[in-house]
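Step one of this worksheet: look at the structure below.
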Amino acid sequence: MEFFIKKENEKKREYDALVIGAGPAGLTAAIYIARGRFSVLVFEKVIPGGLAATTHLIENYPGFPEGVEGEELGRLMEKQARNLGVEFAMEEVVDVELEGEKKRVKTRDGEYEGKAVVIATGSSHKKLGVPGEDKFTGKGVSYCATCDAPFYKDKKIAVVGCGNSGMQEGLYLLRFVRSIDFIEYFPYIPADRILQERVKKHENVKFHLNHQVLEIVGDERVEGVRVKKRDTGEEKVIEVDGVFIFAGLSPNTAFLNGKMELEDGYVVTDEFMRTSIPGVFACGDVRKKVLRQVATAVGDGAVCGASVVEYLEGR
Amino acid sequence: MALLRDEDREYLKKEFEKKIRNPVKVLFFEKEGCENCDLVKQILTEVSELHPEIHLSIHDVESDEAKTHGIELTPAVVIEGEKDYGIRFYGVPAGYEFNSLIEGIMDVGAGEVELSEETRKKLGELDKPVVIKVFVTTGCPYCPGAVRLAHMFAFVNDRIKGEMIEANSFPELANRYGVYAVPKVIINEEHSFEGSLPESEFLKEVIKAVGG
C-alpha cells in the first residue's frame, strides 16, 4: 500500500532555470542543472512522474529487474532531485513569456522568473476523435487504467491500441475484468513481443487487428464499439461495458498558445534540446521524436540539463 | 509493521510543526466486521502520533457522535477543529488520497485554506446547503485535486459539506451514482461532472448546482 505526499517547499520568485513538468524528462534535466549548481524550480500540476506515474508497471527501464511501478519511479526521481536542492511548485502553468533574457512562467498561483526555461510537459493519451467518445467519457470510456479499473470487475471491456501502453495496461486490467477485446488499427500488434506473449496466455482475450474504431455506441452508457475491418470494409459491433483507450499520444502544449513553433503540436528542438528561442529548451515526450519511453525521456533530460548548464555558464 | 515510511514520517512531523496552530480532532467511525476499518484506524493512528495537537478518537457508527455528525457508512473520518467544518472521508484515504487527508489536517490545524479571494467571496454568498461528493480510487493521481477543493470549500462555508468517497470500499454506492471513471463529482445529488477542474471552474459547477 502506497501513501502519497505532495511535498511543499519555500519558493523564490527568481531562479536560474524553470522546468515545466516533473515527468522523467523534466526531473532528469533538473537533476543535471542542480548538479551544475544552478537554482532550479520544477512545475507540476498533477504528480511527479508524469504520464509514467499512471503506468502500473514499467519493465523496460534498466535498473529495475522486476519492473518498477510508475508511481514509485516518479517518487524516487523526485527524491533524487530534492536531495540536490531542486525546488518544486505544485502548480499548473497557464502562460509563458519566452523571449528576451528573462523568461516568465505564470501559474494559477503566481509568477516566476528564470534565465532558462525547459519545456518538459510530456504527452497524454490521445482521444480517438470518434462519435460517442466525448459523450461516454466517464460513462464507460476511460484513459487511465490505474484510476478506473476497479469499476470494471467481471465486466467485458475493449482496449483500443495494442502498443506497449495498451498491452501493459491490458495486463493490469485483466486482474479485474471478465474479458478484453483488443482493437488495433494496424494488421499486426505493435507492442513488444514479450508483452504480446504474456497477454496471449490469457484465455479471455481476443484480438481485432486491422480494425478501425468508427463509433462508441450505447444509450446511457457504453454498450459497444463499432469497428470496420480496414481491408474488407466489413463492420461489426463488439459488445462491451467499457472502453479503455491507449491509441497514441498527444503533446501537452496548449499553454504555449502559439508562442513557439510547433510541428503537429510537438516542440521542435535540435540535438542539444534547444528550441528556436535562445534559452528555451525542450525534452521528453513533448518533443518531436521517434520513441516515447521513460528511457528516452531520461536521455533527453540529461542532454537538456547539460545544455542548460552550458547556456547559464555563458559558454 | 508501520505503514508510513520513516522519511515521510520525518517530513510530515516538520510540516505539521510548521502549520498546526490549533487542535485538530480526527474522528474515526467504525463498525464490527467492516472490511477496511482496521487499515484506516492504523493510518490515522500513525498520523496522529506525528503531532501532539492531532487528537484521534474512535467511535462506533451507532454512537451518538456518529448521529450528530451524520455518519452512516464505515470506515469514515471527520476532521474538525473548533467546529465541524463538514470535511468527510469515506473509505480508505491511502494511495494518492493520503495527501488529501494530510492537507485536510493541516488546513484545520492552520485555521486557513489556500483559496483565492474571489472564490472565498463567492462561496460566502452561497446561502443554501451544498453536499459535494467526490468519488475517487486510491490509484488515481487526478483525484486529490477535486477532493481538496471540496474540502476547502467546506472549510470556508458552514453550509457546504465535502465528502471524499473511495469507491472501492463502496461498490454499491458507486454503482448507484453511475461512477465508471474518477474523479466523479456529485453536487446535491443532482448535478455531476467528471474529471479534475481548476478552482474557478469547480466553483462555477457548485454555483450552477445550487441555481446561483
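Please note that chains go A, B, ... in the order of the C-alpha cells, that every chain numbers its residues from 1, and that ligands are numbered from 1 in the order shown.
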
Hey, what's within 12 Å of Leu56 in chain B if we count only C-alpha atoms and toss same-chain stuff fewer than 3 positions away? As a PDB file with all heavy atoms, in the first residue's frame, please?
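Result saved to selection32.pdb:
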ATOM      1  N   PRO B  23      -5.796  22.914  17.835  1.00  0.00           N
ATOM      2  CA  PRO B  23      -6.043  21.475  17.973  1.00  0.00           C
ATOM      3  C   PRO B  23      -6.874  20.944  16.798  1.00  0.00           C
ATOM      4  O   PRO B  23      -7.775  21.616  16.315  1.00  0.00           O
ATOM      5  CB  PRO B  23      -6.865  21.370  19.264  1.00  0.00           C
ATOM      6  CG  PRO B  23      -6.653  22.658  19.981  1.00  0.00           C
ATOM      7  CD  PRO B  23      -6.349  23.687  18.952  1.00  0.00           C
ATOM      8  N   VAL B  24      -6.498  19.750  16.341  1.00  0.00           N
ATOM      9  CA  VAL B  24      -7.221  19.101  15.250  1.00  0.00           C
ATOM     10  C   VAL B  24      -7.841  17.821  15.790  1.00  0.00           C
ATOM     11  O   VAL B  24      -7.135  16.985  16.351  1.00  0.00           O
ATOM     12  CB  VAL B  24      -6.250  18.740  14.086  1.00  0.00           C
ATOM     13  CG1 VAL B  24      -7.024  18.084  12.944  1.00  0.00           C
ATOM     14  CG2 VAL B  24      -5.495  19.965  13.609  1.00  0.00           C
ATOM     15  N   LYS B  25      -9.164  17.708  15.646  1.00  0.00           N
ATOM     16  CA  LYS B  25      -9.813  16.477  16.084  1.00  0.00           C
ATOM     17  C   LYS B  25     -10.056  15.571  14.883  1.00  0.00           C
ATOM     18  O   LYS B  25     -10.677  15.993  13.907  1.00  0.00           O
ATOM     19  CB  LYS B  25     -11.147  16.791  16.770  1.00  0.00           C
ATOM     20  CG  LYS B  25     -10.966  17.426  18.138  1.00  0.00           C
ATOM     21  CD  LYS B  25     -12.307  17.571  18.819  1.00  0.00           C
ATOM     22  CE  LYS B  25     -12.649  19.039  18.947  1.00  0.00           C
ATOM     23  NZ  LYS B  25     -14.017  19.291  19.386  1.00  0.00           N
ATOM     24  N   VAL B  26      -9.519  14.366  14.978  1.00  0.00           N
ATOM     25  CA  VAL B  26      -9.752  13.386  13.916  1.00  0.00           C
ATOM     26  C   VAL B  26     -10.696  12.334  14.494  1.00  0.00           C
ATOM     27  O   VAL B  26     -10.345  11.614  15.430  1.00  0.00           O
ATOM     28  CB  VAL B  26      -8.429  12.747  13.454  1.00  0.00           C
ATOM     29  CG1 VAL B  26      -8.687  11.686  12.393  1.00  0.00           C
ATOM     30  CG2 VAL B  26      -7.472  13.810  12.916  1.00  0.00           C
ATOM     31  N   LEU B  27     -11.904  12.284  13.957  1.00  0.00           N
ATOM     32  CA  LEU B  27     -12.888  11.319  14.456  1.00  0.00           C
ATOM     33  C   LEU B  27     -12.973  10.160  13.478  1.00  0.00           C
ATOM     34  O   LEU B  27     -13.188  10.371  12.280  1.00  0.00           O
ATOM     35  CB  LEU B  27     -14.269  11.979  14.575  1.00  0.00           C
ATOM     36  CG  LEU B  27     -14.458  12.990  15.717  1.00  0.00           C
ATOM     37  CD1 LEU B  27     -13.795  14.303  15.386  1.00  0.00           C
ATOM     38  CD2 LEU B  27     -15.946  13.201  15.978  1.00  0.00           C
ATOM     39  N   PHE B  28     -12.790   8.965  14.036  1.00  0.00           N
ATOM     40  CA  PHE B  28     -12.881   7.780  13.185  1.00  0.00           C
ATOM     41  C   PHE B  28     -14.120   6.987  13.551  1.00  0.00           C
ATOM     42  O   PHE B  28     -14.396   6.754  14.727  1.00  0.00           O
ATOM     43  CB  PHE B  28     -11.615   6.924  13.347  1.00  0.00           C
ATOM     44  CG  PHE B  28     -11.709   5.618  12.618  1.00  0.00           C
ATOM     45  CD1 PHE B  28     -11.855   5.597  11.226  1.00  0.00           C
ATOM     46  CD2 PHE B  28     -11.665   4.413  13.303  1.00  0.00           C
ATOM     47  CE1 PHE B  28     -11.953   4.394  10.545  1.00  0.00           C
ATOM     48  CE2 PHE B  28     -11.754   3.201  12.618  1.00  0.00           C
ATOM     49  CZ  PHE B  28     -11.903   3.203  11.240  1.00  0.00           C
ATOM     50  N   PHE B  29     -14.877   6.570  12.546  1.00  0.00           N
ATOM     51  CA  PHE B  29     -16.113   5.807  12.779  1.00  0.00           C
ATOM     52  C   PHE B  29     -15.974   4.413  12.183  1.00  0.00           C
ATOM     53  O   PHE B  29     -15.604   4.266  11.015  1.00  0.00           O
ATOM     54  CB  PHE B  29     -17.305   6.545  12.157  1.00  0.00           C
ATOM     55  CG  PHE B  29     -17.532   7.884  12.779  1.00  0.00           C
ATOM     56  CD1 PHE B  29     -16.893   9.013  12.279  1.00  0.00           C
ATOM     57  CD2 PHE B  29     -18.349   8.011  13.897  1.00  0.00           C
ATOM     58  CE1 PHE B  29     -17.085  10.253  12.868  1.00  0.00           C
ATOM     59  CE2 PHE B  29     -18.546   9.255  14.497  1.00  0.00           C
ATOM     60  CZ  PHE B  29     -17.912  10.381  13.983  1.00  0.00           C
ATOM     61  N   VAL B  40      -7.736   1.694   8.062  1.00  0.00           N
ATOM     62  CA  VAL B  40      -7.893   3.146   8.215  1.00  0.00           C
ATOM     63  C   VAL B  40      -7.503   3.570   9.632  1.00  0.00           C
ATOM     64  O   VAL B  40      -6.843   4.593   9.827  1.00  0.00           O
ATOM     65  CB  VAL B  40      -9.332   3.585   7.878  1.00  0.00           C
ATOM     66  CG1 VAL B  40      -9.497   5.086   8.099  1.00  0.00           C
ATOM     67  CG2 VAL B  40      -9.682   3.226   6.440  1.00  0.00           C
ATOM     68  N   LYS B  41      -7.887   2.751  10.606  1.00  0.00           N
ATOM     69  CA  LYS B  41      -7.539   3.065  12.001  1.00  0.00           C
ATOM     70  C   LYS B  41      -6.021   3.142  12.166  1.00  0.00           C
ATOM     71  O   LYS B  41      -5.503   4.023  12.831  1.00  0.00           O
ATOM     72  CB  LYS B  41      -8.146   2.009  12.938  1.00  0.00           C
ATOM     73  CG  LYS B  41      -8.142   2.445  14.367  1.00  0.00           C
ATOM     74  CD  LYS B  41      -9.190   1.768  15.245  1.00  0.00           C
ATOM     75  CE  LYS B  41      -9.269   0.266  15.104  1.00  0.00           C
ATOM     76  NZ  LYS B  41     -10.257  -0.311  16.034  1.00  0.00           N
ATOM     77  N   GLN B  42      -5.321   2.206  11.518  1.00  0.00           N
ATOM     78  CA  GLN B  42      -3.860   2.230  11.638  1.00  0.00           C
ATOM     79  C   GLN B  42      -3.256   3.466  10.957  1.00  0.00           C
ATOM     80  O   GLN B  42      -2.346   4.098  11.495  1.00  0.00           O
ATOM     81  CB  GLN B  42      -3.234   0.958  11.051  1.00  0.00           C
ATOM     82  CG  GLN B  42      -1.772   0.854  11.495  1.00  0.00           C
ATOM     83  CD  GLN B  42      -1.044  -0.337  10.901  1.00  0.00           C
ATOM     84  OE1 GLN B  42      -1.656  -1.282  10.413  1.00  0.00           O
ATOM     85  NE2 GLN B  42       0.279  -0.277  10.940  1.00  0.00           N
ATOM     86  N   ILE B  43      -3.778   3.810   9.794  1.00  0.00           N
ATOM     87  CA  ILE B  43      -3.289   5.007   9.104  1.00  0.00           C
ATOM     88  C   ILE B  43      -3.454   6.223  10.016  1.00  0.00           C
ATOM     89  O   ILE B  43      -2.526   6.999  10.234  1.00  0.00           O
ATOM     90  CB  ILE B  43      -4.072   5.244   7.778  1.00  0.00           C
ATOM     91  CG1 ILE B  43      -3.815   4.109   6.780  1.00  0.00           C
ATOM     92  CG2 ILE B  43      -3.691   6.591   7.154  1.00  0.00           C
ATOM     93  CD1 ILE B  43      -4.714   4.131   5.546  1.00  0.00           C
ATOM     94  N   LEU B  44      -4.660   6.364  10.589  1.00  0.00           N
ATOM     95  CA  LEU B  44      -4.959   7.528  11.430  1.00  0.00           C
ATOM     96  C   LEU B  44      -4.110   7.530  12.697  1.00  0.00           C
ATOM     97  O   LEU B  44      -3.652   8.579  13.147  1.00  0.00           O
ATOM     98  CB  LEU B  44      -6.445   7.551  11.792  1.00  0.00           C
ATOM     99  CG  LEU B  44      -7.411   7.707  10.625  1.00  0.00           C
ATOM    100  CD1 LEU B  44      -8.849   7.607  11.107  1.00  0.00           C
ATOM    101  CD2 LEU B  44      -7.195   9.029   9.890  1.00  0.00           C
ATOM    102  N   THR B  45      -3.903   6.338  13.268  1.00  0.00           N
ATOM    103  CA  THR B  45      -3.090   6.246  14.479  1.00  0.00           C
ATOM    104  C   THR B  45      -1.660   6.721  14.196  1.00  0.00           C
ATOM    105  O   THR B  45      -1.100   7.531  14.934  1.00  0.00           O
ATOM    106  CB  THR B  45      -3.065   4.790  15.002  1.00  0.00           C
ATOM    107  OG1 THR B  45      -4.415   4.370  15.173  1.00  0.00           O
ATOM    108  CG2 THR B  45      -2.318   4.676  16.308  1.00  0.00           C
ATOM    109  N   GLU B  46      -1.114   6.239  13.083  1.00  0.00           N
ATOM    110  CA  GLU B  46       0.264   6.642  12.754  1.00  0.00           C
ATOM    111  C   GLU B  46       0.361   8.140  12.493  1.00  0.00           C
ATOM    112  O   GLU B  46       1.321   8.794  12.905  1.00  0.00           O
ATOM    113  CB  GLU B  46       0.765   5.848  11.540  1.00  0.00           C
ATOM    114  CG  GLU B  46       1.026   4.389  11.886  1.00  0.00           C
ATOM    115  CD  GLU B  46       1.740   3.628  10.772  1.00  0.00           C
ATOM    116  OE1 GLU B  46       2.447   4.261   9.966  1.00  0.00           O
ATOM    117  OE2 GLU B  46       1.571   2.393  10.724  1.00  0.00           O
ATOM    118  N   VAL B  47      -0.627   8.697  11.813  1.00  0.00           N
ATOM    119  CA  VAL B  47      -0.594  10.129  11.506  1.00  0.00           C
ATOM    120  C   VAL B  47      -0.755  10.954  12.788  1.00  0.00           C
ATOM    121  O   VAL B  47      -0.048  11.935  13.002  1.00  0.00           O
ATOM    122  CB  VAL B  47      -1.682  10.506  10.472  1.00  0.00           C
ATOM    123  CG1 VAL B  47      -1.812  12.016  10.357  1.00  0.00           C
ATOM    124  CG2 VAL B  47      -1.357   9.903   9.102  1.00  0.00           C
ATOM    125  N   SER B  48      -1.675  10.513  13.658  1.00  0.00           N
ATOM    126  CA  SER B  48      -1.945  11.315  14.857  1.00  0.00           C
ATOM    127  C   SER B  48      -0.755  11.320  15.817  1.00  0.00           C
ATOM    128  O   SER B  48      -0.621  12.222  16.634  1.00  0.00           O
ATOM    129  CB  SER B  48      -3.209  10.814  15.562  1.00  0.00           C
ATOM    130  OG  SER B  48      -2.999   9.504  16.031  1.00  0.00           O
ATOM    131  N   GLU B  49       0.121  10.341  15.683  1.00  0.00           N
ATOM    132  CA  GLU B  49       1.315  10.306  16.548  1.00  0.00           C
ATOM    133  C   GLU B  49       2.381  11.321  16.116  1.00  0.00           C
ATOM    134  O   GLU B  49       3.379  11.519  16.808  1.00  0.00           O
ATOM    135  CB  GLU B  49       1.927   8.891  16.527  1.00  0.00           C
ATOM    136  CG  GLU B  49       1.136   7.913  17.379  1.00  0.00           C
ATOM    137  CD  GLU B  49       1.474   6.458  17.077  1.00  0.00           C
ATOM    138  OE1 GLU B  49       2.307   6.211  16.190  1.00  0.00           O
ATOM    139  OE2 GLU B  49       0.877   5.580  17.732  1.00  0.00           O
ATOM    140  N   LEU B  50       2.161  11.967  14.983  1.00  0.00           N
ATOM    141  CA  LEU B  50       3.197  12.854  14.450  1.00  0.00           C
ATOM    142  C   LEU B  50       3.118  14.284  14.979  1.00  0.00           C
ATOM    143  O   LEU B  50       3.993  15.104  14.712  1.00  0.00           O
ATOM    144  CB  LEU B  50       3.143  12.860  12.910  1.00  0.00           C
ATOM    145  CG  LEU B  50       3.367  11.489  12.255  1.00  0.00           C
ATOM    146  CD1 LEU B  50       3.186  11.584  10.744  1.00  0.00           C
ATOM    147  CD2 LEU B  50       4.746  10.942  12.585  1.00  0.00           C
ATOM    148  N   HIS B  51       2.028  14.599  15.690  1.00  0.00           N
ATOM    149  CA  HIS B  51       1.926  15.943  16.282  1.00  0.00           C
ATOM    150  C   HIS B  51       1.014  15.893  17.510  1.00  0.00           C
ATOM    151  O   HIS B  51      -0.047  15.276  17.461  1.00  0.00           O
ATOM    152  CB  HIS B  51       1.372  16.940  15.257  1.00  0.00           C
ATOM    153  CG  HIS B  51       1.567  18.367  15.677  1.00  0.00           C
ATOM    154  ND1 HIS B  51       0.708  18.997  16.547  1.00  0.00           N
ATOM    155  CD2 HIS B  51       2.521  19.266  15.359  1.00  0.00           C
ATOM    156  CE1 HIS B  51       1.139  20.240  16.741  1.00  0.00           C
ATOM    157  NE2 HIS B  51       2.239  20.427  16.033  1.00  0.00           N
ATOM    158  N   PRO B  52       1.429  16.568  18.608  1.00  0.00           N
ATOM    159  CA  PRO B  52       0.637  16.475  19.853  1.00  0.00           C
ATOM    160  C   PRO B  52      -0.761  17.090  19.736  1.00  0.00           C
ATOM    161  O   PRO B  52      -1.641  16.771  20.534  1.00  0.00           O
ATOM    162  CB  PRO B  52       1.487  17.249  20.871  1.00  0.00           C
ATOM    163  CG  PRO B  52       2.462  18.036  20.071  1.00  0.00           C
ATOM    164  CD  PRO B  52       2.673  17.309  18.794  1.00  0.00           C
ATOM    165  N   GLU B  53      -0.981  17.961  18.763  1.00  0.00           N
ATOM    166  CA  GLU B  53      -2.297  18.596  18.639  1.00  0.00           C
ATOM    167  C   GLU B  53      -3.250  17.858  17.690  1.00  0.00           C
ATOM    168  O   GLU B  53      -4.320  18.346  17.378  1.00  0.00           O
ATOM    169  CB  GLU B  53      -2.151  20.060  18.207  1.00  0.00           C
ATOM    170  CG  GLU B  53      -1.705  20.985  19.328  1.00  0.00           C
ATOM    171  CD  GLU B  53      -2.701  21.127  20.470  1.00  0.00           C
ATOM    172  OE1 GLU B  53      -3.707  20.371  20.506  1.00  0.00           O
ATOM    173  OE2 GLU B  53      -2.489  21.981  21.341  1.00  0.00           O
ATOM    174  N   HIS B  59     -15.009   5.931  17.286  1.00  0.00           N
ATOM    175  CA  HIS B  59     -16.429   5.830  17.624  1.00  0.00           C
ATOM    176  C   HIS B  59     -17.093   4.728  16.814  1.00  0.00           C
ATOM    177  O   HIS B  59     -16.688   4.441  15.694  1.00  0.00           O
ATOM    178  CB  HIS B  59     -17.136   7.154  17.327  1.00  0.00           C
ATOM    179  CG  HIS B  59     -16.428   8.342  17.871  1.00  0.00           C
ATOM    180  ND1 HIS B  59     -16.660   8.818  19.140  1.00  0.00           N
ATOM    181  CD2 HIS B  59     -15.457   9.135  17.342  1.00  0.00           C
ATOM    182  CE1 HIS B  59     -15.882   9.863  19.359  1.00  0.00           C
ATOM    183  NE2 HIS B  59     -15.135  10.078  18.276  1.00  0.00           N
ATOM    184  N   VAL B  77     -14.109   9.137   8.272  1.00  0.00           N
ATOM    185  CA  VAL B  77     -13.229  10.025   9.030  1.00  0.00           C
ATOM    186  C   VAL B  77     -13.778  11.445   8.935  1.00  0.00           C
ATOM    187  O   VAL B  77     -14.155  11.899   7.855  1.00  0.00           O
ATOM    188  CB  VAL B  77     -11.788   9.999   8.464  1.00  0.00           C
ATOM    189  CG1 VAL B  77     -10.873  10.920   9.286  1.00  0.00           C
ATOM    190  CG2 VAL B  77     -11.235   8.589   8.427  1.00  0.00           C
ATOM    191  N   VAL B  78     -13.834  12.106  10.093  1.00  0.00           N
ATOM    192  CA  VAL B  78     -14.187  13.528  10.129  1.00  0.00           C
ATOM    193  C   VAL B  78     -12.990  14.273  10.682  1.00  0.00           C
ATOM    194  O   VAL B  78     -12.386  13.838  11.657  1.00  0.00           O
ATOM    195  CB  VAL B  78     -15.419  13.767  11.037  1.00  0.00           C
ATOM    196  CG1 VAL B  78     -15.671  15.265  11.219  1.00  0.00           C
ATOM    197  CG2 VAL B  78     -16.644  13.074  10.478  1.00  0.00           C
ATOM    198  N   ILE B  79     -12.623  15.380  10.025  1.00  0.00           N
ATOM    199  CA  ILE B  79     -11.571  16.225  10.585  1.00  0.00           C
ATOM    200  C   ILE B  79     -12.225  17.529  11.005  1.00  0.00           C
ATOM    201  O   ILE B  79     -12.845  18.208  10.190  1.00  0.00           O
ATOM    202  CB  ILE B  79     -10.470  16.509   9.552  1.00  0.00           C
ATOM    203  CG1 ILE B  79      -9.815  15.196   9.112  1.00  0.00           C
ATOM    204  CG2 ILE B  79      -9.398  17.428  10.138  1.00  0.00           C
ATOM    205  CD1 ILE B  79      -8.813  15.363   8.009  1.00  0.00           C
ATOM    206  N   GLU B  80     -12.114  17.848  12.290  1.00  0.00           N
ATOM    207  CA  GLU B  80     -12.724  19.098  12.743  1.00  0.00           C
ATOM    208  C   GLU B  80     -11.818  19.836  13.719  1.00  0.00           C
ATOM    209  O   GLU B  80     -10.866  19.277  14.259  1.00  0.00           O
ATOM    210  CB  GLU B  80     -14.106  18.839  13.349  1.00  0.00           C
ATOM    211  CG  GLU B  80     -14.100  17.939  14.552  1.00  0.00           C
ATOM    212  CD  GLU B  80     -15.507  17.710  15.118  1.00  0.00           C
ATOM    213  OE1 GLU B  80     -16.473  17.686  14.344  1.00  0.00           O
ATOM    214  OE2 GLU B  80     -15.612  17.553  16.335  1.00  0.00           O
ATOM    215  N   GLY B  81     -12.132  21.103  13.911  1.00  0.00           N
ATOM    216  CA  GLY B  81     -11.351  21.921  14.842  1.00  0.00           C
ATOM    217  C   GLY B  81     -12.274  22.446  15.902  1.00  0.00           C
ATOM    218  O   GLY B  81     -12.944  21.681  16.591  1.00  0.00           O
ATOM    219  N   ILE B 105      -5.909  17.858   7.437  1.00  0.00           N
ATOM    220  CA  ILE B 105      -5.456  18.047   8.823  1.00  0.00           C
ATOM    221  C   ILE B 105      -4.714  19.376   8.959  1.00  0.00           C
ATOM    222  O   ILE B 105      -4.928  20.138   9.901  1.00  0.00           O
ATOM    223  CB  ILE B 105      -4.561  16.860   9.263  1.00  0.00           C
ATOM    224  CG1 ILE B 105      -5.421  15.599   9.443  1.00  0.00           C
ATOM    225  CG2 ILE B 105      -3.805  17.192  10.547  1.00  0.00           C
ATOM    226  CD1 ILE B 105      -4.628  14.331   9.698  1.00  0.00           C
TER     227      ILE B 105
END

Out of range 43-153 of chain A, which residues get strand (DSSP E or B) from DSSP, as a PyMOL selection string? chain A and resi 43+58+68+87-89+93-97+103-107+111-119+123-125+137+141-142

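You can rank B:Thr119, B:Thr68, B:Asn22, B:Thr138 by their closest distance to chain A using only C-alpha atoms, and at the top of that list sits B:Thr138.
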
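Closest approach to Asp109 in chain A from the set B:Leu115, B:Val130, B:Leu173, B:Leu197 is made by B:Leu115, with distances taken over only C-alpha atoms.
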
Would you mind listing, as a PyMOL selection string, all residues of chain A that have at least one atom within 8 Å of chain B, where only C-alpha atoms are what counts? chain A and resi 1-6+46-47+54+137-142+146-148+150-152

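All residues in range 62-103 of chain A with a DSSP state of helix (DSSP H, G or I), computed from the backbone, read Gly70, Glu71, Glu72, Leu73, Gly74, Arg75, Leu76, Met77, Glu78, Lys79, Gln80, Ala81, Arg82 and Asn83 of chain A.
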
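Of the residues under consideration (A:Val303, A:Leu173, A:Val205, A:Val199), A:Leu173 shows the shortest atom-to-atom contact distance to Gly242 in chain A when counting only C-alpha atoms.
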
Return the single residue from B:Gly104, B:Ser63, B:Ile207, B:Arg21 that is closest to Gly86 in chain B, with distances computed using only C-alpha atoms. B:Gly104

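For the residues A:Glu14, A:Glu223, A:Glu8, A:Glu261, ranking by smallest atom-to-atom distance to Met90 in chain A using only C-alpha atoms places A:Glu8 first.
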
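Distances here use only C-alpha atoms; by that measure, the residue among A:Ala25, A:Val286, A:Leu73, A:Ile277 closest to Asn252 in chain A is A:Val286.
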
When you look at Gly170 in chain A with a cut-off of 10 Å (counting only C-alpha atoms), what residues show up, excluding the ones that are within fewer than 5 positions of it in the same chain? I need them as number ranges by chain. A: 145, 157-162, 164-165, 175, 177, 180-182, 195, 199, 205, 244, 246

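You will find CA of Gly224 in chain A at 17.1 Å from CA of Lys153 in chain A.
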
I want to know what sits within 7 Å of range 149-165 of chain B, based on only C-alpha atoms, with residues of the same chain fewer than 2 positions away left out; could you give that as a count of residues only? 25

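For Tyr32 in chain A, the set of protein, DNA and RNA residues having any atom at most 8 Å away, when counting only C-alpha atoms and skipping those fewer than 3 positions along the same chain, is Thr28, Ala29, Arg35, Gly36, Ala302, Gly305, Ala306 and Val309 of chain A.
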
How would the residues just picked look written out with N, CA and C atoms as a tab-separated table (two decimals), in the first residue's frame?
chain	number	residue	atom	x	y	z
A	28	THR	N	15.01	14.65	-14.78
A	28	THR	CA	16.41	14.40	-15.14
A	28	THR	C	17.11	15.71	-15.49
A	29	ALA	N	16.46	16.55	-16.29
A	29	ALA	CA	17.05	17.85	-16.63
A	29	ALA	C	17.34	18.63	-15.35
A	35	ARG	N	23.06	19.84	-10.33
A	35	ARG	CA	24.44	19.39	-10.15
A	35	ARG	C	25.44	20.38	-10.73
A	36	GLY	N	24.96	21.21	-11.65
A	36	GLY	CA	25.78	22.30	-12.15
A	36	GLY	C	25.76	23.50	-11.22
A	302	ALA	N	18.87	14.41	-19.79
A	302	ALA	CA	20.30	14.55	-19.50
A	302	ALA	C	20.95	15.52	-20.49
A	305	GLY	N	19.61	19.04	-19.69
A	305	GLY	CA	20.21	19.61	-18.48
A	305	GLY	C	21.61	20.12	-18.74
A	306	ALA	N	22.39	19.32	-19.48
A	306	ALA	CA	23.76	19.71	-19.80
A	306	ALA	C	23.76	20.98	-20.67
A	309	VAL	N	22.99	24.02	-18.53
A	309	VAL	CA	24.16	24.41	-17.74
A	309	VAL	C	25.13	25.20	-18.61

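The two atoms in question, CA of Asp300 in chain A and CA of Thr107 in chain A, are spaced 24.8 Å apart.
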
re CA of Phe38 in chain A and CA of Lys103 in chain A: distance 15.7 Å
